[in-house]
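Input: a single structure, listed below in C-alpha cells.
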There are 2 protein chains.
Amino acid sequence: MKQGSTRTHAIRVAIELRRRILNGEFEGGSRLFEVALAESMQVSRTPVREAMFRLAEEGLLERVRGGGFTVRTFSLSDVADAIELRGVLEGTAARLAAERGVGEARLRQIHETLEEMEGCFGATAGEVDFDGYCDLNARFHTELASLAGSEVLRREIDRVTHLPFASPSAFLPNNADVEAFRLSLRPAQEQHRDLLDAIVKREGTRAEAIAREHARAPRRNLDILLAGQPDLLARMPALALLVT
Amino acid sequence: MKQGSTRTHAIRVAIELRRRILNGEFEGGSRLFEVALAESMQVSRTPVREAMFRLAEEGLLERVRGGGFTVRTFSLSDVADAIELRGVLEGTAARLAAERGVGEARLRQIHETLEEMEGCFGATAGEVDFDGYCDLNARFHTELASLAGSEVLRREIDRVTHLPFASPSAFLPNNADVEAFRLSLRPAQEQHRDLLDAIVKREGTRAEAIAREHARAPRRNLDILLAGQPDLLARMPALALLVT
DNA sequence: TTTGCGACTTTTGTATACACCGCAGGTTCA
DNA sequence: TGAACCTGCGGTGTATACAAAAGTCGCAAA
C-alpha cells in the first residue's frame with residue numbers, strides 16, 4: 001500500500017474499508033477475513049486488525065463470538081431509531097445551551113453560519129445551492145453540538161452522527177432533483193433560526209422541542225424515497241447496510 | 001500471564017488495566033506505555049495494544065496525537081453531564097416504550113424485578129438490603145433500556161452507563177452508612193413504580209420526565225458527598241478519574 | 001542568552017512466524 | 001451402524017524483530 005496522504009497504514013485501511021462497506025461491497029452480516037483484506041490492500045494483518053477495531057468502535061462492524069468481525073446490518077427501524085436518537089441528543093444540547101447560557105463568541109459564530117446558509121437560497125422558491133447548504137448544515141450541527149459546553153455530550157452526538165444514515169445531511173446530497181427535498185430546505189432553515197432564537201432567549205424546553213422536530217426532516221425524506229422513489233433509494237450510499 | 005478464567009490475553013489485560021485505572025493507579029492524563037504495561041502483565045505488546053483500543057472505545061483512554069494513549073480525566077461537570085445524559089437516554093427509552101407499547105412478556109419480567117426490589121425494604125424506614133437492592137436496580141435499568149425494543153438506543157445507554165460514575169447504581173454501594181442515601185431509596189423505588197405505570201398507560205411524556213428526574217438521584221448523592229463527606233468521597237472507586 | 005540544527009533515544013507502527021482453537025471429514029473400534 | 005477419536009485445514013491470537021517517527025538533549029553559532 002502506497003504512502004498516501006494520511007499517516008499510518010491502519011488509518012488508510014480503516015478509511016478504505018469504511019468506503020467499501022458503505023458502498024455495499026460486502027454482503028450484510030458477512031464475515032471479514034483478515035488475511036484476505038490484508039492481501040487486497042497490500043499490507044500485513046496488523047494494520048488490518050487495528051482498522052477493524054476502529055470500525056467496530058464506529059459501529060460499522062460487530063465482534064463475533066470466537067473472534068473476528070462481521071459487517072453490521074441495520075433494519076429500517078434502526079435507521080429511524082438512530083435519527084430519533086440524534087434528535088434527542090441535539091435537543092439536549094440545545095436545551096442545556098439555553099439553560100446554561102452561551103458565550104458571546106460561540107453565539108456569534110453559529111449566527112454567522114446561519115446567515116451564510118441564508119445566502120444559499122435564491123430568489124425563487126426552488127432555487128438552492130445544494131452542496132453549499134449541505135456543508136454549512138453540517139457545520140451548523142457541529143457547532144450546535146458544542147454549544148452546551150459539554151464534552152461528554154458532544155462526543156456522544158459525534159458518535160451517533162457517524163452512522164451514515166443518521167448524519168444531519170443524510171438523504172440530502174445528490175438529490176437536488178427531488179422537488180420535495182428542495183422545498184423542505186426553507187422550513188428547515190426556519191427551524192435553525194427558531195432554534196437559535198430559543199437558545200438566546202433561554203427557552204430550554206422550546207429549544208429542545210425544535211431540535212427534536214428538526215432532526216426528523218431526514219426521516220420524512222426517507223419516507224418519501226421509500227414511498228415513491230425506490231430507484232433513488234438504491235443510489236443512496238448511506239443505505240447499503242440496510243437489510244430488507 | 002497465567003491462563004485465567006477468560007479467553008484471550010487481550011481481554012484479561014483489558015480487565016486488569018481497567019481495574020488499575022479505576023483504582024486510580026495512574027495519574028490523571030498520564031500516558032500509558034505499551035512496553036511497560038506488557039512487562040508488568042507478562043505478555044507481549046500485541047494484546048496490550050488491543051486492550052488499549054478496547055478501553056479507548058469505552059472512553060477510559062484517549063488517543064493522543066502522534067500515537068499512544070493517555071488516561072482520560074473527568075471534571076466534576078463531566079460527571080454531572082454524564083448523569084444528565086443517562087437520564088435523557090433512559091427517558092427516551094421510557095417514552096418510546098410508552099409510545100410504541102411493550103409486549104406482555106417483557107412487561108411481566110420488569111414488573112417482577114420491581115416486586116423483588118420491594119422485598120429489599122424492611123419494616124422500618126431505614127432498614128434496607130443494600131446489596132440486593134443494588135443488583136436488582138442494575139437489572140431494572142438494563143431491562144428498561146431494552147423496553148423500547150430499539151437496539152440502537154440500548155447500545156447507547158449501555159455505553160454511557162459504562163462510565164463508572166454514570167451507572168444507575170453509582171454512589172450507592174458500600175455506603176449504607178450514610179443516612180441520606182438509605183432514605184433516598186424509598187422515593188427512588190416509588191419512581192420505578194410510577195415509571196412503569198406511565199409506560200403501561202402509554203403516557204410517553206410523563207414516563208420520560210420521571211426517568212429523567214429519577215436519574216438525578218446519584219447526582220444528589222454526589223452533592224451530599226461533596227458537601228459533607230469528603231472522606232467518603234475519597235473511598236469511591238468511581239471517582240478516581242476525577243481531576244479537581 | 002537564545003535559537004536552530006542534528007544526532008540520539010524512546011516509543012509506536014508494521015511485518016512475519018508461530019501457536020492455538022474450532023470445525024469438518026474420515027477412520028477406527030465397539 | 002453408530003459413536004468416539006484423530007487429524008488436517010482455515011482462521012484468529014500472540015510474540016518478536018525491525019522500521020519509522022516523534023520527542024529530547026546538547027552543542028554551536030548568532
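Letters A, B, ... go to the chains of the C-alpha cells in the order shown; residues in each chain start at 1; ligands are counted from 1 in the same order.
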
For the contact check between chain B and chain D, emit one row per residue of chain B within 12 Å, containing the shortest atom pair and the distance in Å rounded to one decimal, counting only C-alpha atoms (C1' of nucleotides), chain then rising number order, as JSON lines.
```
{"residue": "B:Arg7", "atom": "CA", "partner": "D:DG13", "partner_atom": "C1'", "distance": 10.2}
{"residue": "B:Thr8", "atom": "CA", "partner": "D:DG13", "partner_atom": "C1'", "distance": 7.4}
{"residue": "B:His9", "atom": "CA", "partner": "D:DG13", "partner_atom": "C1'", "distance": 8.3}
{"residue": "B:Ala10", "atom": "CA", "partner": "D:DG13", "partner_atom": "C1'", "distance": 8.8}
{"residue": "B:Ile11", "atom": "CA", "partner": "D:DG13", "partner_atom": "C1'", "distance": 11.2}
{"residue": "B:Ala38", "atom": "CA", "partner": "D:DA15", "partner_atom": "C1'", "distance": 11.4}
{"residue": "B:Gln42", "atom": "CA", "partner": "D:DA15", "partner_atom": "C1'", "distance": 11.5}
{"residue": "B:Val43", "atom": "CA", "partner": "D:DA15", "partner_atom": "C1'", "distance": 8.5}
{"residue": "B:Ser44", "atom": "CA", "partner": "D:DA15", "partner_atom": "C1'", "distance": 6.1}
{"residue": "B:Arg45", "atom": "CA", "partner": "D:DA15", "partner_atom": "C1'", "distance": 8.3}
{"residue": "B:Thr46", "atom": "CA", "partner": "D:DT14", "partner_atom": "C1'", "distance": 6.8}
{"residue": "B:Pro47", "atom": "CA", "partner": "D:DT14", "partner_atom": "C1'", "distance": 7.3}
{"residue": "B:Val48", "atom": "CA", "partner": "D:DT14", "partner_atom": "C1'", "distance": 10.6}
{"residue": "B:Arg49", "atom": "CA", "partner": "D:DT14", "partner_atom": "C1'", "distance": 11.6}
{"residue": "B:Glu50", "atom": "CA", "partner": "D:DG13", "partner_atom": "C1'", "distance": 10.8}
{"residue": "B:Arg65", "atom": "CA", "partner": "D:DA22", "partner_atom": "C1'", "distance": 10.2}
{"residue": "B:Gly66", "atom": "CA", "partner": "D:DA22", "partner_atom": "C1'", "distance": 7.1}
{"residue": "B:Gly67", "atom": "CA", "partner": "D:DA22", "partner_atom": "C1'", "distance": 9.2}
{"residue": "B:Gly68", "atom": "CA", "partner": "D:DA22", "partner_atom": "C1'", "distance": 11.4}
```

Expected answer as a short mmCIF file (atom, residue, chain, number, x, y, z; two decimals) with N, CA and C atoms, in the first residue's frame: helix (DSSP H, G or I) residues in range 11-207 of chain A:
```cif
data_model
loop_
_atom_site.label_atom_id
_atom_site.label_comp_id
_atom_site.auth_asym_id
_atom_site.auth_seq_id
_atom_site.Cartn_x
_atom_site.Cartn_y
_atom_site.Cartn_z
N ILE A 11 -4.85 3.67 9.54
CA ILE A 11 -5.87 4.68 9.25
C ILE A 11 -6.32 4.58 7.80
N ARG A 12 -5.36 4.42 6.91
CA ARG A 12 -5.73 4.30 5.50
C ARG A 12 -6.61 3.09 5.26
N VAL A 13 -6.23 1.97 5.89
CA VAL A 13 -7.05 0.77 5.73
C VAL A 13 -8.45 1.00 6.28
N ALA A 14 -8.52 1.66 7.42
CA ALA A 14 -9.84 1.93 8.01
C ALA A 14 -10.69 2.75 7.05
N ILE A 15 -10.10 3.76 6.47
CA ILE A 15 -10.84 4.62 5.54
C ILE A 15 -11.32 3.83 4.33
N GLU A 16 -10.39 3.07 3.76
CA GLU A 16 -10.73 2.28 2.56
C GLU A 16 -11.79 1.24 2.88
N LEU A 17 -11.63 0.60 4.03
CA LEU A 17 -12.59 -0.43 4.41
C LEU A 17 -13.97 0.18 4.66
N ARG A 18 -13.97 1.33 5.29
CA ARG A 18 -15.23 2.01 5.53
C ARG A 18 -15.91 2.33 4.20
N ARG A 19 -15.12 2.83 3.26
CA ARG A 19 -15.66 3.15 1.94
C ARG A 19 -16.30 1.92 1.31
N ARG A 20 -15.58 0.81 1.37
CA ARG A 20 -16.10 -0.40 0.75
C ARG A 20 -17.40 -0.85 1.42
N ILE A 21 -17.41 -0.79 2.75
CA ILE A 21 -18.62 -1.22 3.46
C ILE A 21 -19.79 -0.34 3.08
N LEU A 22 -19.57 0.98 3.09
CA LEU A 22 -20.67 1.90 2.79
C LEU A 22 -21.08 1.79 1.32
N GLU A 34 -9.21 -11.38 7.91
CA GLU A 34 -8.02 -10.53 7.99
C GLU A 34 -7.07 -10.75 6.83
N VAL A 35 -6.77 -12.00 6.55
CA VAL A 35 -5.78 -12.31 5.51
C VAL A 35 -6.23 -11.79 4.15
N ALA A 36 -7.47 -12.05 3.81
CA ALA A 36 -7.98 -11.62 2.51
C ALA A 36 -7.88 -10.10 2.37
N LEU A 37 -8.33 -9.40 3.40
CA LEU A 37 -8.28 -7.94 3.35
C LEU A 37 -6.84 -7.45 3.27
N ALA A 38 -5.99 -8.05 4.08
CA ALA A 38 -4.58 -7.64 4.09
C ALA A 38 -4.00 -7.76 2.69
N GLU A 39 -4.27 -8.87 2.03
CA GLU A 39 -3.75 -9.05 0.68
C GLU A 39 -4.32 -8.01 -0.27
N SER A 40 -5.63 -7.82 -0.19
CA SER A 40 -6.26 -6.91 -1.14
C SER A 40 -5.81 -5.48 -0.93
N MET A 41 -5.30 -5.17 0.26
CA MET A 41 -4.83 -3.80 0.50
C MET A 41 -3.32 -3.74 0.57
N ARG A 45 -1.41 -8.18 8.29
CA ARG A 45 -2.64 -8.31 9.06
C ARG A 45 -2.72 -7.27 10.18
N THR A 46 -1.58 -6.85 10.70
CA THR A 46 -1.59 -5.97 11.88
C THR A 46 -2.42 -4.70 11.68
N PRO A 47 -2.11 -3.89 10.66
CA PRO A 47 -2.93 -2.68 10.50
C PRO A 47 -4.38 -2.98 10.14
N VAL A 48 -4.61 -4.13 9.48
CA VAL A 48 -5.99 -4.50 9.16
C VAL A 48 -6.77 -4.73 10.45
N ARG A 49 -6.15 -5.44 11.38
CA ARG A 49 -6.83 -5.69 12.66
C ARG A 49 -7.15 -4.37 13.35
N GLU A 50 -6.16 -3.48 13.38
CA GLU A 50 -6.40 -2.20 14.04
C GLU A 50 -7.55 -1.46 13.38
N ALA A 51 -7.57 -1.49 12.05
CA ALA A 51 -8.64 -0.81 11.32
C ALA A 51 -9.99 -1.40 11.70
N MET A 52 -10.03 -2.71 11.84
CA MET A 52 -11.30 -3.35 12.18
C MET A 52 -11.75 -2.95 13.58
N PHE A 53 -10.79 -2.84 14.50
CA PHE A 53 -11.15 -2.37 15.84
C PHE A 53 -11.80 -0.99 15.74
N ARG A 54 -11.20 -0.14 14.93
CA ARG A 54 -11.72 1.22 14.81
C ARG A 54 -13.13 1.22 14.24
N LEU A 55 -13.35 0.42 13.21
CA LEU A 55 -14.67 0.41 12.59
C LEU A 55 -15.71 -0.23 13.52
N ALA A 56 -15.25 -1.15 14.34
CA ALA A 56 -16.17 -1.72 15.33
C ALA A 56 -16.58 -0.64 16.32
N GLU A 57 -15.62 0.18 16.69
CA GLU A 57 -15.90 1.29 17.59
C GLU A 57 -16.91 2.24 16.97
N GLU A 58 -16.80 2.43 15.67
CA GLU A 58 -17.74 3.31 14.95
C GLU A 58 -19.12 2.70 14.84
N LEU A 76 -34.69 -1.05 8.85
CA LEU A 76 -35.28 0.26 8.64
C LEU A 76 -35.61 0.92 9.97
N SER A 77 -36.00 0.11 10.95
CA SER A 77 -36.34 0.71 12.23
C SER A 77 -35.08 1.16 12.97
N ASP A 78 -33.95 0.51 12.70
CA ASP A 78 -32.70 1.00 13.27
C ASP A 78 -32.39 2.39 12.74
N VAL A 79 -32.60 2.57 11.44
CA VAL A 79 -32.37 3.89 10.84
C VAL A 79 -33.27 4.92 11.51
N ALA A 80 -34.54 4.58 11.64
CA ALA A 80 -35.47 5.51 12.28
C ALA A 80 -35.04 5.82 13.71
N ASP A 81 -34.62 4.79 14.43
CA ASP A 81 -34.21 4.99 15.82
C ASP A 81 -32.97 5.86 15.93
N ALA A 82 -32.03 5.65 15.02
CA ALA A 82 -30.81 6.44 15.04
C ALA A 82 -31.12 7.91 14.79
N ILE A 83 -32.04 8.16 13.88
CA ILE A 83 -32.45 9.54 13.61
C ILE A 83 -33.15 10.13 14.83
N GLU A 84 -34.02 9.36 15.41
CA GLU A 84 -34.71 9.80 16.63
C GLU A 84 -33.69 10.12 17.72
N LEU A 85 -32.71 9.24 17.83
CA LEU A 85 -31.69 9.41 18.87
C LEU A 85 -30.89 10.70 18.65
N ARG A 86 -30.54 10.96 17.40
CA ARG A 86 -29.81 12.20 17.14
C ARG A 86 -30.68 13.40 17.54
N GLY A 87 -31.95 13.32 17.24
CA GLY A 87 -32.85 14.39 17.62
C GLY A 87 -32.86 14.61 19.12
N VAL A 88 -32.91 13.52 19.86
CA VAL A 88 -32.92 13.61 21.32
C VAL A 88 -31.64 14.25 21.83
N LEU A 89 -30.51 13.82 21.27
CA LEU A 89 -29.23 14.34 21.76
C LEU A 89 -29.03 15.80 21.37
N GLU A 90 -29.36 16.13 20.12
CA GLU A 90 -29.25 17.54 19.73
C GLU A 90 -30.24 18.38 20.53
N GLY A 91 -31.38 17.81 20.81
CA GLY A 91 -32.34 18.52 21.65
C GLY A 91 -31.77 18.80 23.02
N THR A 92 -31.06 17.83 23.56
CA THR A 92 -30.43 18.04 24.86
C THR A 92 -29.36 19.11 24.79
N ALA A 93 -28.57 19.07 23.73
CA ALA A 93 -27.55 20.11 23.55
C ALA A 93 -28.20 21.48 23.51
N ALA A 94 -29.29 21.57 22.78
CA ALA A 94 -29.97 22.87 22.65
C ALA A 94 -30.55 23.31 24.00
N ARG A 95 -31.18 22.37 24.69
CA ARG A 95 -31.76 22.71 25.99
C ARG A 95 -30.70 23.17 26.98
N LEU A 96 -29.63 22.40 27.08
CA LEU A 96 -28.57 22.76 28.02
C LEU A 96 -27.94 24.10 27.64
N ALA A 97 -27.77 24.31 26.35
CA ALA A 97 -27.21 25.60 25.91
C ALA A 97 -28.11 26.73 26.38
N ALA A 98 -29.42 26.52 26.22
CA ALA A 98 -30.36 27.57 26.64
C ALA A 98 -30.33 27.75 28.15
N GLU A 99 -30.33 26.64 28.88
CA GLU A 99 -30.37 26.72 30.34
C GLU A 99 -29.10 27.32 30.92
N ARG A 100 -27.97 26.92 30.34
CA ARG A 100 -26.69 27.35 30.91
C ARG A 100 -26.20 28.68 30.35
N GLU A 104 -20.53 34.79 24.21
CA GLU A 104 -20.69 35.69 23.08
C GLU A 104 -20.04 35.13 21.81
N ALA A 105 -18.79 34.71 21.93
CA ALA A 105 -18.01 34.30 20.76
C ALA A 105 -18.70 33.16 20.02
N ARG A 106 -19.06 32.15 20.78
CA ARG A 106 -19.68 30.97 20.16
C ARG A 106 -21.01 31.33 19.51
N LEU A 107 -21.75 32.17 20.21
CA LEU A 107 -23.06 32.55 19.69
C LEU A 107 -22.91 33.31 18.37
N ARG A 108 -21.94 34.21 18.33
CA ARG A 108 -21.71 34.98 17.11
C ARG A 108 -21.34 34.05 15.97
N GLN A 109 -20.51 33.06 16.30
CA GLN A 109 -20.04 32.14 15.27
C GLN A 109 -21.18 31.36 14.64
N ILE A 110 -22.03 30.78 15.47
CA ILE A 110 -23.11 29.96 14.90
C ILE A 110 -24.13 30.85 14.18
N HIS A 111 -24.29 32.08 14.64
CA HIS A 111 -25.16 33.01 13.93
C HIS A 111 -24.60 33.31 12.54
N GLU A 112 -23.31 33.42 12.50
CA GLU A 112 -22.64 33.67 11.22
C GLU A 112 -22.93 32.53 10.25
N THR A 113 -22.78 31.30 10.77
CA THR A 113 -23.09 30.13 9.94
C THR A 113 -24.51 30.20 9.43
N LEU A 114 -25.42 30.57 10.34
CA LEU A 114 -26.83 30.68 9.95
C LEU A 114 -27.02 31.67 8.81
N GLU A 115 -26.34 32.81 8.90
CA GLU A 115 -26.50 33.83 7.85
C GLU A 115 -25.91 33.36 6.52
N GLU A 116 -24.79 32.67 6.61
CA GLU A 116 -24.20 32.12 5.39
C GLU A 116 -25.16 31.16 4.71
N MET A 117 -25.82 30.35 5.53
CA MET A 117 -26.78 29.40 4.96
C MET A 117 -27.88 30.14 4.22
N GLU A 118 -28.25 31.26 4.78
CA GLU A 118 -29.30 32.07 4.15
C GLU A 118 -28.91 32.41 2.71
N PHE A 130 -27.34 23.58 -3.35
CA PHE A 130 -27.47 22.37 -2.54
C PHE A 130 -26.19 22.00 -1.81
N ASP A 131 -25.10 21.92 -2.55
CA ASP A 131 -23.83 21.49 -1.94
C ASP A 131 -23.39 22.45 -0.85
N GLY A 132 -23.48 23.75 -1.17
CA GLY A 132 -23.10 24.74 -0.18
C GLY A 132 -23.94 24.61 1.08
N TYR A 133 -25.23 24.41 0.87
CA TYR A 133 -26.13 24.28 2.02
C TYR A 133 -25.76 23.06 2.87
N CYS A 134 -25.45 21.96 2.21
CA CYS A 134 -25.09 20.74 2.95
C CYS A 134 -23.88 20.97 3.85
N ASP A 135 -22.84 21.56 3.28
CA ASP A 135 -21.64 21.83 4.06
C ASP A 135 -21.95 22.69 5.27
N LEU A 136 -22.67 23.76 5.01
CA LEU A 136 -22.97 24.68 6.10
C LEU A 136 -23.90 24.03 7.12
N ASN A 137 -24.80 23.20 6.64
CA ASN A 137 -25.70 22.48 7.55
C ASN A 137 -24.89 21.59 8.50
N ALA A 138 -23.92 20.89 7.94
CA ALA A 138 -23.06 20.04 8.79
C ALA A 138 -22.35 20.91 9.82
N ARG A 139 -21.85 22.07 9.37
CA ARG A 139 -21.12 22.95 10.29
C ARG A 139 -22.06 23.45 11.39
N PHE A 140 -23.25 23.83 11.00
CA PHE A 140 -24.23 24.31 11.98
C PHE A 140 -24.47 23.26 13.06
N HIS A 141 -24.66 22.03 12.63
CA HIS A 141 -24.97 20.99 13.60
C HIS A 141 -23.76 20.65 14.47
N THR A 142 -22.58 20.75 13.91
CA THR A 142 -21.37 20.56 14.72
C THR A 142 -21.30 21.64 15.80
N GLU A 143 -21.53 22.86 15.39
CA GLU A 143 -21.46 23.96 16.35
C GLU A 143 -22.55 23.82 17.41
N LEU A 144 -23.70 23.36 16.98
CA LEU A 144 -24.80 23.15 17.93
C LEU A 144 -24.41 22.13 19.00
N ALA A 145 -23.74 21.07 18.56
CA ALA A 145 -23.35 20.01 19.49
C ALA A 145 -22.40 20.53 20.57
N SER A 146 -21.62 21.55 20.21
CA SER A 146 -20.66 22.11 21.18
C SER A 146 -21.26 23.22 22.03
N GLU A 151 -18.41 18.33 26.88
CA GLU A 151 -17.59 17.45 26.05
C GLU A 151 -18.23 16.06 25.97
N VAL A 152 -18.76 15.58 27.07
CA VAL A 152 -19.41 14.27 27.11
C VAL A 152 -20.53 14.21 26.08
N LEU A 153 -21.36 15.22 26.08
CA LEU A 153 -22.49 15.26 25.15
C LEU A 153 -22.02 15.40 23.71
N ARG A 154 -21.05 16.28 23.51
CA ARG A 154 -20.53 16.50 22.15
C ARG A 154 -20.03 15.19 21.55
N ARG A 155 -19.28 14.44 22.33
CA ARG A 155 -18.77 13.16 21.86
C ARG A 155 -19.88 12.22 21.45
N GLU A 156 -20.88 12.15 22.27
CA GLU A 156 -21.96 11.20 22.02
C GLU A 156 -22.72 11.58 20.75
N ILE A 157 -22.94 12.86 20.55
CA ILE A 157 -23.59 13.32 19.32
C ILE A 157 -22.72 12.95 18.13
N ASP A 158 -21.44 13.19 18.27
CA ASP A 158 -20.49 12.86 17.22
C ASP A 158 -20.60 11.39 16.84
N ARG A 159 -20.67 10.56 17.85
CA ARG A 159 -20.78 9.12 17.66
C ARG A 159 -21.99 8.73 16.83
N VAL A 160 -23.14 9.15 17.32
CA VAL A 160 -24.38 8.79 16.64
C VAL A 160 -24.39 9.32 15.21
N THR A 161 -23.89 10.53 15.06
CA THR A 161 -23.88 11.18 13.76
C THR A 161 -23.02 10.44 12.76
N HIS A 162 -22.07 9.66 13.26
CA HIS A 162 -21.17 8.97 12.35
C HIS A 162 -21.84 7.84 11.59
N PRO A 164 -23.90 6.59 8.90
CA PRO A 164 -24.08 7.38 7.69
C PRO A 164 -25.50 7.87 7.48
N PHE A 165 -26.47 7.07 7.89
CA PHE A 165 -27.85 7.46 7.64
C PHE A 165 -28.40 8.34 8.76
N ALA A 166 -27.58 8.61 9.79
CA ALA A 166 -28.06 9.43 10.91
C ALA A 166 -27.45 10.82 10.90
N GLU A 179 -38.03 17.26 -6.02
CA GLU A 179 -38.70 18.51 -5.72
C GLU A 179 -38.97 18.66 -4.22
N ALA A 180 -39.49 17.61 -3.62
CA ALA A 180 -39.89 17.68 -2.21
C ALA A 180 -38.71 18.01 -1.30
N PHE A 181 -37.55 17.51 -1.67
CA PHE A 181 -36.36 17.76 -0.86
C PHE A 181 -35.97 19.23 -0.89
N ARG A 182 -35.96 19.75 -2.11
CA ARG A 182 -35.58 21.15 -2.24
C ARG A 182 -36.52 22.04 -1.44
N LEU A 183 -37.77 21.74 -1.51
CA LEU A 183 -38.75 22.58 -0.82
C LEU A 183 -38.68 22.42 0.69
N SER A 184 -38.09 21.32 1.16
CA SER A 184 -38.02 21.11 2.60
C SER A 184 -36.91 21.93 3.24
N LEU A 185 -36.05 22.49 2.40
CA LEU A 185 -34.88 23.20 2.94
C LEU A 185 -35.24 24.52 3.60
N ARG A 186 -36.19 25.20 3.00
CA ARG A 186 -36.57 26.51 3.55
C ARG A 186 -37.17 26.36 4.96
N PRO A 187 -38.12 25.46 5.17
CA PRO A 187 -38.63 25.25 6.53
C PRO A 187 -37.52 24.81 7.48
N ALA A 188 -36.61 23.99 7.01
CA ALA A 188 -35.51 23.55 7.87
C ALA A 188 -34.70 24.74 8.33
N GLN A 189 -34.45 25.64 7.40
CA GLN A 189 -33.68 26.84 7.75
C GLN A 189 -34.43 27.68 8.77
N GLU A 190 -35.75 27.74 8.63
CA GLU A 190 -36.55 28.46 9.62
C GLU A 190 -36.38 27.84 10.99
N GLN A 191 -36.32 26.51 11.02
CA GLN A 191 -36.12 25.84 12.31
C GLN A 191 -34.76 26.19 12.91
N HIS A 192 -33.75 26.25 12.06
CA HIS A 192 -32.43 26.66 12.55
C HIS A 192 -32.53 28.02 13.26
N ARG A 193 -33.23 28.92 12.59
CA ARG A 193 -33.35 30.27 13.12
C ARG A 193 -34.12 30.27 14.45
N ASP A 194 -35.22 29.57 14.47
CA ASP A 194 -36.03 29.49 15.70
C ASP A 194 -35.25 28.85 16.84
N LEU A 195 -34.47 27.84 16.47
CA LEU A 195 -33.68 27.14 17.48
C LEU A 195 -32.72 28.10 18.17
N LEU A 196 -32.00 28.86 17.38
CA LEU A 196 -31.06 29.83 17.98
C LEU A 196 -31.82 30.87 18.79
N ASP A 197 -32.94 31.29 18.26
CA ASP A 197 -33.75 32.28 18.97
C ASP A 197 -34.13 31.76 20.36
N ALA A 198 -34.57 30.51 20.40
CA ALA A 198 -34.97 29.92 21.68
C ALA A 198 -33.78 29.83 22.63
N ILE A 199 -32.63 29.48 22.10
CA ILE A 199 -31.44 29.37 22.95
C ILE A 199 -31.06 30.73 23.51
N VAL A 200 -31.07 31.73 22.66
CA VAL A 200 -30.71 33.07 23.11
C VAL A 200 -31.66 33.55 24.19
N GLY A 204 -35.35 26.77 27.23
CA GLY A 204 -34.79 25.44 27.07
C GLY A 204 -35.75 24.43 26.48
N THR A 205 -36.95 24.38 27.01
CA THR A 205 -37.91 23.38 26.55
C THR A 205 -38.25 23.58 25.08
N ARG A 206 -38.45 24.86 24.71
CA ARG A 206 -38.76 25.15 23.31
C ARG A 206 -37.59 24.76 22.41
N ALA A 207 -36.39 25.09 22.84
CA ALA A 207 -35.21 24.75 22.04
C ALA A 207 -35.13 23.24 21.84
#
```

Spatial neighbours of Ala240 in chain A, max dist 7 Å, only C-alpha atoms (C1' of nucleotides), sep filter under 3 positions, as a PDB file with N, CA and C atoms, in the first residue's frame:
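Just written: part_21.pdb:
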```
ATOM      1  N   LEU A  22     -19.566   0.982   3.091  1.00  0.00           N
ATOM      2  CA  LEU A  22     -20.669   1.897   2.788  1.00  0.00           C
ATOM      3  C   LEU A  22     -21.081   1.794   1.320  1.00  0.00           C
ATOM      4  N   ASN A  23     -20.173   1.331   0.497  1.00  0.00           N
ATOM      5  CA  ASN A  23     -20.509   1.099  -0.908  1.00  0.00           C
ATOM      6  C   ASN A  23     -21.288  -0.199  -1.097  1.00  0.00           C
ATOM      7  N   GLY A  24     -21.408  -0.939  -0.030  1.00  0.00           N
ATOM      8  CA  GLY A  24     -22.145  -2.186  -0.126  1.00  0.00           C
ATOM      9  C   GLY A  24     -21.366  -3.298  -0.796  1.00  0.00           C
ATOM     10  N   PRO A 237     -25.758   5.880  -0.844  1.00  0.00           N
ATOM     11  CA  PRO A 237     -24.678   5.091  -0.256  1.00  0.00           C
ATOM     12  C   PRO A 237     -24.937   4.791   1.211  1.00  0.00           C
TER      13      PRO A 237
END
```

_So the first atom is CA of Phe26 in chain B and the second is CA of Arg220 in chain B; what is the distance between them in Å, to one decimal place?_
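Going from CA of Phe26 in chain B over to CA of Arg220 in chain B, I get 27.9 Å.
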
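Between CA of Leu222 in chain B and CA of Ala170 in chain B there is a distance of 9.1 Å.
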
*Pick from B:Leu242, B:Ala215, B:Leu226, B:Ala148: nearest to chain A, with only C-alpha atoms counted?*
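Checking each candidate against chain A, we get B:Ala148 as the closest.
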
_Quick check: residues of chain C within 12 Å of chain B, only C-alpha atoms (C1' of nucleotides), returned as a ChimeraX atom specification._
/C:10-14,20-21

*Calculate how many Å separate CA of Ala238 in chain B from CA of Leu163 in chain B, rounding to one decimal.*
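So the two atoms, CA of Ala238 in chain B and CA of Leu163 in chain B, lie 8.4 Å apart.
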
*Run DSSP on the backbone and grab whatever in range 9-156 of chain B lands in strand (DSSP E); send it over as a VMD selection string.*
chain B and resid 31 to 32 61 to 63 69 to 71

_Residue among A:Asp223, A:Ser150, A:Gly59, A:Ala123 lying closest to chain B, counting only C-alpha atoms_ =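 The shortest atom-to-atom distance to chain B comes from A:Ser150.
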